[in-house]
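These notes concern the structure reproduced below.
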Amino acid sequence: MKNYLLQLADNALILGHRLGEWCGHAPEMELDIALTNIALDLTGQARSLYQRVGELEGASSDGVSKTEDDYAYLRDVWEFRNVLLVEQPNGDFAQTIVRQFIFDSYHFYMCRALTQSTDEWLSGFAEKSLKEITYHLRFSSEWMQRLGDGTEVSHAKMQTAIESLWTYSGELITPNEIEKELASQGIGVDLNKIKPEVTAKISEVLAASNLTAPEGIWMQKGGKDGRHSEHLGYILAEMQFLQRAYPGQAW
Amino acid sequence: MKNEWPLWEVFIRSKSGLSHKHVGSLHASDAEMAVENARDLYTRRNEGVSIWVVASKDITASDPDDSDPLFEPAKDKIYRHPTFYEVPNEVTHM
């Protein structure tokens, strides 16, 4: 259960961090706010999940319980369980939108199914997050269409982004052992069940965006089990620097 | 020169029963995006329950040079203000 929650939390935290990197750099002021708004939604979700993991772990022998900061700032690369997609660099705006759209398509149907979890805390969490994610999916779907079906330049950039990120799309809807186990208990989401919905949504939006996904390519995986691309280390180096250099520092 | 998105005026209804109020403006490429941007820019602190956007170019404004003939005549007609009534203490929201 703990590791399942960490998978969900790490996806949200790392993608939230990536989106936060746009702060002050987005193509338009309005987009700057939109992206960081989504980042804050995701960071908030990660925070609730980490707090829940801390609750479940309970106090250690010295009577101290872990807080969300312990999970975010004091774990190393191999302890993170996020999918490879969310740690991929922002690239240009097209890369960010494609990454976001692929993740949102998974996130939305996963979260909707999670509202049916037999675990009361999880279903409540999903209920609340689904409203945020519904908006994320709407935002990224619309941008897929605007840019994919936009000018020649925007279309080319989007098509390149799809081709470079597609290899990370499979991991989202391929269950690992933890997900299989939790799904069989009715606590977690059965990814095989939501897979048709996720792929249908992606196909629908790609078609409307005049974009094509590569076919029959090798799908990368490993993030869920702690095997990451080189990028995660750099993210953590930046995200964790302060807590590592000045333990317990607060502001 | 940068090719900028058109300007939109944003109106927010802060709660049911009140009217939409002008809160500011933003850039967006079309009306749909304007609503989304307005949601992110102007309702992130729980300010509203409904959004209107209007393309700024579609707004017709009065001419500041006309302000005398337009507004001056109303100034000395204080009897048009409902200030001659005693409002009972029990009445709120006036």
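Ordering of the structure tokens sets the chain letters (A, B, ...), residue numbers begin anew at 1 in every chain, and ligands are numbered from 1 in the order given.
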Counting only C-alpha atoms, chain A residues within 8 Å of chain B, as an MDAnalysis selection string: chainID A and resid 30:31 33:34 37 139
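Atom pair CA of Val86 in chain A / CA of Phe103 in chain A has a distance of 7.6 Å (rounded to one decimal).
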Distance criterion (only C-alpha atoms): nearest to Ala200 in chain A out of A:Trp78, A:Tyr106, A:Tyr73, A:Tyr4: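 Looking at the shortest contact to Ala200 in chain A, the residue is A:Tyr106.
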All residues 7 Å or closer to Tyr50 in chain A, only C-alpha atoms, same chain fewer than 5 positions away omitted, as a PyMOL selection string: chain A and resi 9+68+71
Å distance separating CA of Ser154 in chain A from CA of Met110 in chain A, one decimal place: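 Computing it gives 29.7 Å between the two atoms.
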Which of range 21-60 of chain B fall in strand (DSSP E or B), as a VMD selection string: chain B and resid 21 to 27 50 to 55
Glu47 in chain B environment, 12 Å, only C-alpha atoms, sequence neighbours closer than 5 positions dropped, as a VMD selection string: chain B and resid 11 to 16 20 to 21 23 38 to 42
Near-range 159-164 of chain A list (8 Å; only C-alpha atoms; drop same-chain fewer than 2 positions) as a list in words: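 Neighbouring residues, sequence-local ones excluded: Ala94, Gln95, Val98, Gly148, His155, Ala156, Lys157, Trp166, Thr167, Leu211, Thr212, Ala213 and Pro214 of chain A.
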Please produce an output containing all heavy atoms for each residue in the selection, written as a short mmCIF file (atom, residue, chain, number, x, y, z; two decimals), in the first residue's frame.
data_model
loop_
_atom_site.label_atom_id
_atom_site.label_comp_id
_atom_site.auth_asym_id
_atom_site.auth_seq_id
_atom_site.Cartn_x
_atom_site.Cartn_y
_atom_site.Cartn_z
N ALA A 94 6.04 22.58 -26.96
CA ALA A 94 5.39 21.41 -27.56
C ALA A 94 5.68 20.14 -26.74
O ALA A 94 4.78 19.35 -26.45
CB ALA A 94 5.85 21.22 -29.00
N GLN A 95 6.94 19.97 -26.35
CA GLN A 95 7.33 18.79 -25.55
C GLN A 95 6.57 18.78 -24.23
O GLN A 95 6.09 17.74 -23.78
CB GLN A 95 8.84 18.84 -25.23
CG GLN A 95 9.74 18.88 -26.45
CD GLN A 95 10.27 17.51 -26.83
OE1 GLN A 95 10.06 16.56 -26.11
NE2 GLN A 95 10.94 17.43 -27.95
N VAL A 98 2.85 17.86 -24.89
CA VAL A 98 2.66 16.45 -25.22
C VAL A 98 2.87 15.58 -23.98
O VAL A 98 2.07 14.69 -23.69
CB VAL A 98 3.62 16.01 -26.36
CG1 VAL A 98 3.61 14.50 -26.51
CG2 VAL A 98 3.20 16.67 -27.66
N GLY A 148 -1.04 21.21 -32.71
CA GLY A 148 -0.94 20.13 -33.69
C GLY A 148 -1.59 20.53 -35.00
O GLY A 148 -1.09 20.27 -36.09
N HIS A 155 2.93 22.44 -35.92
CA HIS A 155 2.63 21.03 -36.20
C HIS A 155 3.91 20.19 -36.18
O HIS A 155 3.95 19.13 -35.58
CB HIS A 155 1.93 20.89 -37.55
CG HIS A 155 1.77 19.46 -37.97
ND1 HIS A 155 0.78 18.66 -37.46
CD2 HIS A 155 2.51 18.67 -38.81
CE1 HIS A 155 0.90 17.44 -37.98
NE2 HIS A 155 1.94 17.42 -38.80
N ALA A 156 4.95 20.70 -36.82
CA ALA A 156 6.21 19.96 -36.89
C ALA A 156 6.79 19.75 -35.49
O ALA A 156 7.25 18.66 -35.15
CB ALA A 156 7.21 20.70 -37.78
N LYS A 157 6.73 20.79 -34.66
CA LYS A 157 7.27 20.66 -33.30
C LYS A 157 6.48 19.65 -32.48
O LYS A 157 7.04 18.88 -31.71
CB LYS A 157 7.22 22.02 -32.59
CG LYS A 157 8.29 22.98 -33.11
CD LYS A 157 8.37 24.22 -32.25
CE LYS A 157 9.55 25.08 -32.71
NZ LYS A 157 9.75 26.26 -31.88
N TRP A 166 6.76 9.25 -27.10
CA TRP A 166 5.83 8.12 -27.18
C TRP A 166 6.36 6.88 -26.47
O TRP A 166 5.62 6.10 -25.89
CB TRP A 166 5.52 7.82 -28.65
CG TRP A 166 4.36 6.89 -28.81
CD1 TRP A 166 4.37 5.62 -29.25
CD2 TRP A 166 2.99 7.20 -28.49
NE1 TRP A 166 3.11 5.09 -29.24
CE2 TRP A 166 2.25 6.04 -28.77
CE3 TRP A 166 2.34 8.33 -27.99
CZ2 TRP A 166 0.87 5.98 -28.58
CZ3 TRP A 166 0.96 8.26 -27.79
CH2 TRP A 166 0.25 7.11 -28.08
N THR A 167 7.66 6.71 -26.50
CA THR A 167 8.28 5.53 -25.91
C THR A 167 8.06 5.44 -24.39
O THR A 167 8.20 4.39 -23.78
CB THR A 167 9.79 5.50 -26.25
OG1 THR A 167 10.37 4.32 -25.72
CG2 THR A 167 10.52 6.70 -25.67
N LEU A 211 -2.11 14.73 -35.66
CA LEU A 211 -0.81 14.16 -35.28
C LEU A 211 -0.89 12.64 -35.33
O LEU A 211 -1.96 12.07 -35.14
CB LEU A 211 -0.44 14.59 -33.86
CG LEU A 211 -0.22 16.09 -33.63
CD1 LEU A 211 -0.24 16.42 -32.14
CD2 LEU A 211 1.07 16.55 -34.27
N THR A 212 0.26 12.00 -35.57
CA THR A 212 0.26 10.54 -35.58
C THR A 212 1.28 10.00 -34.60
O THR A 212 2.41 10.49 -34.53
CB THR A 212 0.58 9.98 -36.98
OG1 THR A 212 1.45 10.90 -37.63
CG2 THR A 212 -0.65 9.76 -37.81
N ALA A 213 0.84 8.98 -33.85
CA ALA A 213 1.76 8.34 -32.90
C ALA A 213 2.57 7.28 -33.65
O ALA A 213 2.05 6.63 -34.55
CB ALA A 213 0.96 7.70 -31.78
N PRO A 214 3.84 7.12 -33.27
CA PRO A 214 4.64 6.07 -33.89
C PRO A 214 4.04 4.70 -33.58
O PRO A 214 3.45 4.52 -32.52
CB PRO A 214 6.01 6.22 -33.21
CG PRO A 214 5.95 7.43 -32.37
CD PRO A 214 4.52 7.82 -32.19
#
One-decimal distance in Å that lies between CA of Arg99 in chain A and CA of Leu85 in chain A: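 We find that CA of Leu85 in chain A and CA of Arg99 in chain A lie 6.9 Å from each other.
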Ile97 in chain A environment, 7 Å, only C-alpha atoms, sequence neighbours closer than 5 positions dropped, as a compact mmCIF listing (two decimals) with all heavy atoms, in the first residue's frame:
# COMPACT_ATOMS: atom_id res chain seq x y z
N SER A 140 -4.63 20.53 -21.53
CA SER A 140 -3.60 19.96 -22.42
C SER A 140 -4.21 19.47 -23.73
O SER A 140 -3.60 19.58 -24.79
CB SER A 140 -2.82 18.85 -21.72
OG SER A 140 -3.66 17.84 -21.24
N TRP A 143 -4.59 22.40 -26.04
CA TRP A 143 -3.31 22.85 -26.58
C TRP A 143 -2.75 21.87 -27.61
O TRP A 143 -2.08 22.27 -28.56
CB TRP A 143 -2.31 23.12 -25.46
CG TRP A 143 -2.45 24.52 -24.97
CD1 TRP A 143 -3.07 24.93 -23.83
CD2 TRP A 143 -2.02 25.71 -25.64
NE1 TRP A 143 -3.04 26.30 -23.75
CE2 TRP A 143 -2.41 26.80 -24.85
CE3 TRP A 143 -1.35 25.95 -26.84
CZ2 TRP A 143 -2.13 28.12 -25.21
CZ3 TRP A 143 -1.08 27.26 -27.20
CH2 TRP A 143 -1.47 28.33 -26.39
N MET A 144 -3.04 20.58 -27.44
CA MET A 144 -2.64 19.60 -28.44
C MET A 144 -3.24 19.99 -29.78
O MET A 144 -2.56 19.99 -30.81
CB MET A 144 -3.17 18.20 -28.06
CG MET A 144 -2.47 17.53 -26.90
SD MET A 144 -0.78 17.04 -27.26
CE MET A 144 -1.02 15.66 -28.38
For His136 in chain A, the nearest of the candidates A:Ser117, A:Ser123, A:Ser105, A:Gln88, counting only C-alpha atoms: A:Ser105
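Every protein, DNA or RNA residue with an atom at most 12 Å from Asp69 in chain A, where only C-alpha atoms count and chain neighbours fewer than 4 positions away do not, is listed here: A:Leu13, A:Thr43, A:Ala46, A:Arg47, A:Ser48, A:Leu49, A:Tyr50, A:Gln51, A:Val53, A:Gly54, A:Ser65, A:Tyr73, A:Leu74, A:Arg75, A:Met239, A:Gln240, A:Leu242, A:Gln243, A:Arg244, A:Pro247, A:Gly248, A:Gln249, A:Ala250.
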